[in-house]
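J.: Okay, so here is input_30.cif, and as you'll see once you scroll down, it has mmCIF, C-alpha atoms and all ligand atoms.
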```
data_input
loop_
_atom_site.label_atom_id
_atom_site.label_comp_id
_atom_site.auth_asym_id
_atom_site.auth_seq_id
_atom_site.Cartn_x
_atom_site.Cartn_y
_atom_site.Cartn_z
CA MET E 1 13.69 -126.39 65.10
CA LYS E 2 13.39 -130.08 65.70
CA LYS E 3 12.88 -130.73 62.00
CA ALA E 4 15.89 -128.60 61.06
CA SER E 5 18.24 -130.50 63.35
CA PHE E 6 16.92 -133.84 62.03
CA THR E 7 17.60 -132.71 58.46
CA GLY E 8 21.08 -131.59 59.48
CA SER E 9 22.09 -134.94 60.93
CA GLY E 10 20.42 -136.74 58.03
CA LEU E 11 22.53 -134.76 55.62
CA LEU E 12 25.67 -135.51 57.59
CA LEU E 13 24.87 -139.23 57.55
CA MET E 14 24.15 -139.13 53.84
CA SER E 15 27.40 -137.39 53.04
CA LEU E 16 29.32 -139.90 55.18
CA ILE E 17 27.72 -142.77 53.30
CA ALA E 18 28.34 -141.05 49.97
CA GLY E 19 31.98 -140.47 51.00
CA CYS E 20 32.46 -144.20 51.57
CA ALA E 21 30.66 -145.25 48.43
CA THR E 22 32.64 -142.95 46.15
CA SER E 23 36.02 -143.70 47.72
CA GLU E 24 38.23 -144.61 44.79
CA TYR E 25 39.85 -147.53 46.54
CA GLY E 26 39.76 -149.54 49.71
CA GLY E 27 36.79 -148.16 51.64
CA PRO E 28 36.34 -145.37 54.13
CA ALA E 29 39.96 -145.04 55.23
CA GLU E 30 41.10 -144.11 51.71
CA THR E 31 40.62 -140.66 50.26
CA LYS E 32 39.63 -140.02 46.66
CA ALA E 33 42.93 -138.33 45.79
CA PRO E 34 45.00 -140.49 43.44
CA PHE E 35 48.11 -139.35 45.31
CA GLY E 36 49.27 -137.11 48.13
CA GLY E 37 46.25 -137.74 50.39
CA ALA E 38 46.61 -138.61 54.07
CA ASP E 39 46.18 -142.33 53.32
CA SER E 40 48.92 -142.33 50.67
CA VAL E 41 51.29 -140.35 52.89
CA ALA E 42 50.71 -142.72 55.82
CA TYR E 43 51.23 -145.70 53.53
CA ALA E 44 54.49 -144.18 52.21
CA GLN E 45 55.69 -143.70 55.80
CA THR E 46 54.97 -147.34 56.67
CA LEU E 47 56.72 -148.44 53.48
CA TRP E 48 59.75 -146.29 54.43
CA ALA E 49 59.87 -147.75 57.96
CA ASN E 50 59.81 -151.26 56.51
CA LEU E 51 62.54 -150.39 53.99
CA ILE E 52 64.70 -149.10 56.87
CA GLU E 53 64.03 -152.27 58.85
CA ARG E 54 65.13 -154.38 55.87
CA ASN E 55 68.25 -152.21 55.40
CA LEU E 56 67.14 -151.24 51.91
CA VAL E 57 67.39 -147.52 52.69
CA GLY E 58 69.12 -145.50 55.42
CA PRO E 59 72.61 -145.49 56.91
CA ALA E 60 72.94 -149.30 57.02
CA ALA E 61 71.48 -149.86 53.55
CA VAL E 62 72.85 -152.46 51.15
CA SER E 63 74.99 -150.98 48.41
CA ALA E 64 75.22 -151.78 44.73
CA LYS E 65 77.33 -150.60 41.83
CA PRO E 66 76.37 -147.07 40.72
CA TYR E 67 75.58 -146.34 37.05
CA GLN E 68 75.10 -143.27 34.87
CA GLY E 69 71.57 -141.91 35.12
CA THR E 70 69.08 -140.55 32.64
CA HIS E 71 66.75 -137.56 32.97
CA PRO E 72 64.68 -136.98 35.14
CA HIS E 73 66.39 -139.28 37.60
CA GLY E 74 69.79 -138.40 39.03
CA ALA E 75 73.15 -138.11 37.28
CA ILE E 76 74.29 -141.26 39.06
CA LEU E 77 71.90 -143.98 40.15
CA VAL E 78 71.91 -147.08 42.31
CA MET E 79 69.01 -149.49 41.98
CA PHE E 80 67.94 -152.71 43.64
CA GLU E 81 64.74 -154.54 44.45
CA ALA E 82 63.40 -156.88 47.11
CA PRO E 83 60.10 -158.17 48.44
CA VAL E 84 58.76 -156.01 51.27
CA GLU E 85 55.69 -156.37 53.48
CA VAL E 86 53.34 -153.44 54.09
CA GLN E 87 50.10 -153.81 56.05
CA GLY E 88 49.97 -157.59 55.53
CA HIS E 89 50.68 -157.44 51.79
CA THR E 90 54.03 -158.55 50.38
CA GLY E 91 55.09 -157.00 47.10
CA VAL E 92 58.28 -156.15 45.27
CA ALA E 93 59.81 -152.78 46.05
CA ILE E 94 62.11 -151.26 43.43
CA ILE E 95 64.34 -148.70 45.07
CA LYS E 96 66.37 -146.18 43.15
CA ASN E 97 68.86 -143.85 44.79
CA ASN E 98 69.26 -140.67 42.73
CA TYR E 99 72.50 -138.69 43.14
CA ALA E 100 72.80 -135.12 41.91
CA GLY E 101 75.34 -132.31 41.93
CA ALA E 102 78.37 -131.32 39.89
CA ALA E 103 80.72 -133.38 42.04
CA VAL E 104 79.03 -136.76 41.77
CA SER E 105 80.68 -139.63 39.97
CA GLU E 106 80.30 -143.39 40.13
CA LYS E 107 83.39 -143.46 42.34
CA SER E 108 82.20 -140.73 44.74
CA VAL E 109 78.87 -142.52 45.17
CA SER E 110 80.60 -145.87 45.77
CA ASN E 111 82.82 -144.26 48.39
CA ASN E 112 80.11 -142.16 50.07
CA PRO E 113 76.64 -143.59 49.40
CA GLU E 114 75.02 -141.09 51.77
CA GLN E 115 76.57 -137.98 50.19
CA ASN E 116 74.69 -136.07 47.44
CA LEU E 117 71.71 -138.43 47.76
CA ASP E 118 69.11 -136.18 46.17
CA ALA E 119 66.07 -138.47 46.12
CA ILE E 120 65.01 -142.04 46.64
CA THR E 121 62.33 -143.04 44.15
CA VAL E 122 60.40 -146.18 44.96
CA MET E 123 57.88 -148.31 43.08
CA PHE E 124 56.02 -150.78 45.28
CA LYS E 125 53.79 -153.48 43.79
CA ARG E 126 50.57 -153.24 45.79
CA GLU E 127 47.69 -155.71 46.04
CA SER E 128 45.68 -156.24 42.89
CA GLY E 129 42.86 -153.69 42.58
CA TYR E 130 44.89 -150.77 43.98
CA ASP E 131 45.37 -149.23 40.54
CA PRO E 132 44.45 -151.85 37.93
CA GLU E 133 44.85 -149.43 35.00
CA ASN E 134 48.49 -148.92 35.96
CA ALA E 135 49.65 -152.37 37.07
CA ASP E 136 48.92 -151.66 40.77
CA TRP E 137 52.15 -149.75 41.45
CA PHE E 138 52.45 -147.40 44.43
CA TRP E 139 54.89 -144.56 43.67
CA ALA E 140 56.89 -142.48 46.13
CA LYS E 141 59.69 -139.96 46.00
CA TYR E 142 61.53 -139.53 49.28
CA GLN E 143 64.26 -137.24 50.55
CA ALA E 144 67.27 -138.95 52.10
CA ASP E 145 65.68 -138.57 55.56
CA GLY E 146 62.48 -140.32 54.50
CA SER E 147 60.30 -137.23 54.16
CA LEU E 148 58.40 -136.94 50.90
CA HIS E 149 59.15 -134.68 47.95
CA THR E 150 56.21 -132.57 46.78
CA ASP E 151 55.01 -131.39 43.37
CA PRO E 152 54.95 -127.64 42.50
CA GLU E 153 51.51 -127.37 44.17
CA GLY E 154 52.88 -128.81 47.39
CA VAL E 155 51.19 -132.22 47.05
CA ALA E 156 53.25 -135.08 48.47
CA LEU E 157 54.60 -137.49 45.86
CA ALA E 158 53.12 -140.70 47.26
CA GLY E 159 50.42 -142.93 45.83
CA ARG E 160 49.25 -143.12 42.22
CA VAL E 161 51.62 -140.31 41.13
CA ALA E 162 50.44 -138.40 38.98
CA LYS E 163 47.56 -140.46 37.66
CA GLY E 164 45.66 -138.88 34.77
CA LYS E 165 48.28 -136.18 34.19
CA PRO E 166 50.41 -135.92 31.06
CA GLN E 167 53.64 -135.89 33.07
CA GLY E 168 54.96 -137.65 36.14
CA CYS E 169 55.80 -141.15 37.33
CA ILE E 170 52.86 -143.00 35.76
CA ALA E 171 52.78 -141.12 32.43
CA CYS E 172 56.47 -141.69 31.83
CA HIS E 173 56.73 -145.26 33.13
CA LYS E 174 53.71 -146.24 31.03
CA LEU E 175 56.14 -146.06 28.09
CA ALA E 176 58.49 -148.68 29.56
CA PRO E 177 58.83 -151.82 27.41
CA GLY E 178 56.80 -154.90 28.39
CA SER E 179 53.87 -152.81 29.71
CA ASP E 180 54.92 -153.52 33.31
CA TYR E 181 55.93 -149.86 33.93
CA VAL E 182 59.49 -150.99 34.68
CA TYR E 183 62.31 -149.81 32.41
CA ASN E 184 65.05 -152.01 33.80
CA HIS E 185 63.44 -155.38 32.98
CA ASP E 186 60.18 -157.05 31.97
CA ARG E 187 59.90 -159.47 34.87
CA PHE E 188 56.48 -158.13 35.81
CA ALA E 189 55.08 -157.99 32.28
CA ASN E 190 51.46 -159.09 32.07
C1 LIG U 1 60.21 -138.48 32.15
C2 LIG U 1 60.23 -139.88 32.49
C3 LIG U 1 60.23 -140.37 33.92
C4 LIG U 1 59.55 -139.88 35.01
C5 LIG U 1 58.66 -138.65 35.08
C6 LIG U 1 59.84 -140.76 36.11
N1 LIG U 1 60.69 -141.76 35.72
FE1 LIG U 1 61.35 -143.30 36.85
N2 LIG U 1 62.49 -143.96 35.31
C7 LIG U 1 62.55 -143.41 34.04
C8 LIG U 1 63.52 -144.14 33.22
C9 LIG U 1 63.87 -143.83 31.76
C10 LIG U 1 64.04 -145.15 34.04
C11 LIG U 1 65.12 -146.18 33.67
C12 LIG U 1 66.46 -145.59 33.61
C13 LIG U 1 66.96 -145.22 34.95
O1 LIG U 1 67.30 -146.12 35.75
O2 LIG U 1 66.98 -144.03 35.24
C14 LIG U 1 63.38 -145.02 35.34
C15 LIG U 1 63.59 -145.86 36.40
C16 LIG U 1 62.88 -145.83 37.60
C17 LIG U 1 62.95 -146.83 38.64
C18 LIG U 1 63.72 -148.14 38.55
C19 LIG U 1 62.81 -149.20 37.91
C20 LIG U 1 62.72 -149.06 36.41
O3 LIG U 1 61.65 -148.64 35.91
O4 LIG U 1 63.71 -149.38 35.73
C21 LIG U 1 62.15 -146.41 39.66
C22 LIG U 1 61.90 -147.14 40.98
C23 LIG U 1 61.57 -145.16 39.26
N3 LIG U 1 62.02 -144.83 38.00
C24 LIG U 1 60.68 -144.45 40.03
C25 LIG U 1 60.05 -143.28 39.61
C26 LIG U 1 59.14 -142.49 40.44
C27 LIG U 1 58.70 -142.86 41.85
C28 LIG U 1 58.78 -141.40 39.70
C29 LIG U 1 57.89 -140.25 40.10
C30 LIG U 1 58.20 -139.57 41.33
C31 LIG U 1 59.45 -141.51 38.41
N4 LIG U 1 60.21 -142.66 38.40
C32 LIG U 1 59.32 -140.60 37.39
C33 LIG U 1 61.81 -142.35 33.60
C34 LIG U 1 60.96 -141.56 34.38
#
```
Here is the file; what I need is its structure written in the form of C-alpha cells.
T.:
Amino acid sequence: MKKASFTGSGLLLMSLIAGCATSEYGGPAETKAPFGGADSVAYAQTLWANLIERNLVGPAAVSAKPYQGTHPHGAILVMFEAPVEVQGHTGVAIIKNNYAGAAVSEKSVSNNPEQNLDAITVMFKRESGYDPENADWFWAKYQADGSLHTDPEGVALAGRVAKGKPQGCIACHKLAPGSDYVYNHDRFAN
C-alpha cells in the first residue's frame, strides 16, 4: 500500500514537471494550445480591458473614416492602431471594427459607430518569442461587448489563431505583403 501511494505521487510530480517542460510558451501558466486556452482567453480579456481604458474600443472609442471591406472581414470597416500595454509589455495593437448587415454603409457607420458592429478583430504585437514563426502576433476576434467569437468547434478565437491550420487569421495574413502579416502597410516588415 505504502509503495503504491508513493508511486502515485511520484507520477503526479513527474507529470507536473513534464507539463511545465513541454509548455509551448512562457512556462507553467501557459497551456500548450496555440489558441483558445485559458491563458489566451485571460490575455485577450486583459487586452480588451486595456483597449477600453485607452478608448480604442467601447462606447467612448475614437472614430475614423469607414471604408469598404473585403471578405472575410465586414462589409464596412474602420481601422486604427496604437501602442497598448499588456502585462508589462507594450506593443502595437491594430484594431479593426467589422460592420455587417444589408443596411450598413460608410455613412451609417459614421453616424452610428456602435450599430451593426459585428466583430472587432485585433492583432497585438506580443513580446519576441511568443510566436516567432508568425511574427509574434496575438490574434483575437471579439463581439461588440468584448466577449470572444468562437470557431465551429467552440474554441475561443484568442491567441495564435489558427496556427498550423490551412485557414484562419494566421494562414491568411501570412500572405500579406512585406511578410509582417499586416495587409494595410509594411511598417513591421522584418
Ligand atoms: C481569408 C483571409 C483573412 C482571414 C481568415 C483573416 N483576415 Fe484579417 N485581413 C484580411 C485582409 C485581406 C485584410 C486587409 C483588408 C481589410 O482591411 O479588410 C485584413 C485586415 C486585418 C486587420 C487590419 C490590419 C491589416 O492586416 O491590414 C486586422 C487587425 C485583422 N485583419 C485581423 C484578423 C483576425 C484577428 C483574424 C482571425 C480572427 C483575421 N484577420 C482573419 C484577410 C483575412
J.: As an exercise, work out the distance from atom C13 of ligand LIG 1 (chain U) to CA of His149 in chain E in Å and give it to one decimal place.
T.: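 Separation between atom C13 of ligand LIG 1 (chain U) and CA of His149 in chain E: 18.5 Å.
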J.: Can you tell me which residues come within 8 Å of ligand LIG 1 (chain U) when counting all atoms listed in the file, ideally as an MDAnalysis selection string?
T.: chainID E and resid 69:74 77 79 93:96 120:123 139:141 157:158 161:162 167:173 176 181:185
J.: Ranking E:Trp137, E:Phe80, E:Phe124, E:Tyr43 by minimum distance to Asn55 in chain E and counting all atoms listed in the file, which one comes first?
T.: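 Ranking E:Trp137, E:Phe80, E:Phe124, E:Tyr43 by distance to Asn55 in chain E, first place goes to E:Phe80.
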J.: Residues within 12 Å of (72.4, -147.7, 52.1), file coordinates, counting only C-alpha atoms: what are they? Give the list as a PyMOL selection string.
T.: chain E and resi 51-65+78-80+95-97+109-115+117+120+144-145
J.: Between E:Gln68, E:Glu85, E:Ala33, E:Gly101, single out the one closest to Thr46 in chain E, counting only C-alpha atoms.
T.: E:Glu85
J.: What does the distance from CA of Ile76 in chain E to CA of Ser147 in chain E come to in Å, to one decimal?
T.: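 Atom-to-atom, CA of Ile76 in chain E to CA of Ser147 in chain E, that is 21.0 Å.
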J.: Please determine an axis-aligned box that encloses all atoms of range 113-118 of chain E listed in the file, with 5 Å added on each side, and express its centre and edge lengths in Å to one decimal as lines of an AutoDock Vina configuration file.
T.:
```
center_x = 72.9
center_y = -139.8
center_z = 49.0
size_x = 17.5
size_y = 17.5
size_z = 15.6
```
J.: Quick one: pull the distance between CA of Tyr142 in chain E and CA of Gly178 in chain E, Å, one decimal.
T.: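 CA of Tyr142 in chain E sits 26.4 Å away from CA of Gly178 in chain E.
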J.: Tell me which of E:Ala135, E:Ala103, E:Ala189, E:Val84 sits closest to Ala49 in chain E, counting all atoms listed in the file.
T.: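 That would be E:Val84, the residue with the smallest distance to Ala49 in chain E.
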J.: For each of E:Asn134, E:Ala75, E:Ala102, E:Val155, take the minimum atom-to-atom distance to Ala119 in chain E, counting only C-alpha atoms, then give the residue where this is smallest.
T.: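 Closest candidate: E:Ala75.
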J.: Could you tell me which of E:Pro66, E:Gly129, E:Gly37, E:Gly164 comes closest to Tyr99 in chain E if we count all atoms listed in the file?
T.: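 Result for the nearest residue to Tyr99 in chain E: E:Pro66.
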J.: Compare E:Gly88, E:Pro34, E:Pro83, E:Pro132 by their minimum atom-to-atom distance to Asp180 in chain E, counting only C-alpha atoms, and give me the closest one.
T.: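 Closest candidate: E:Pro132.
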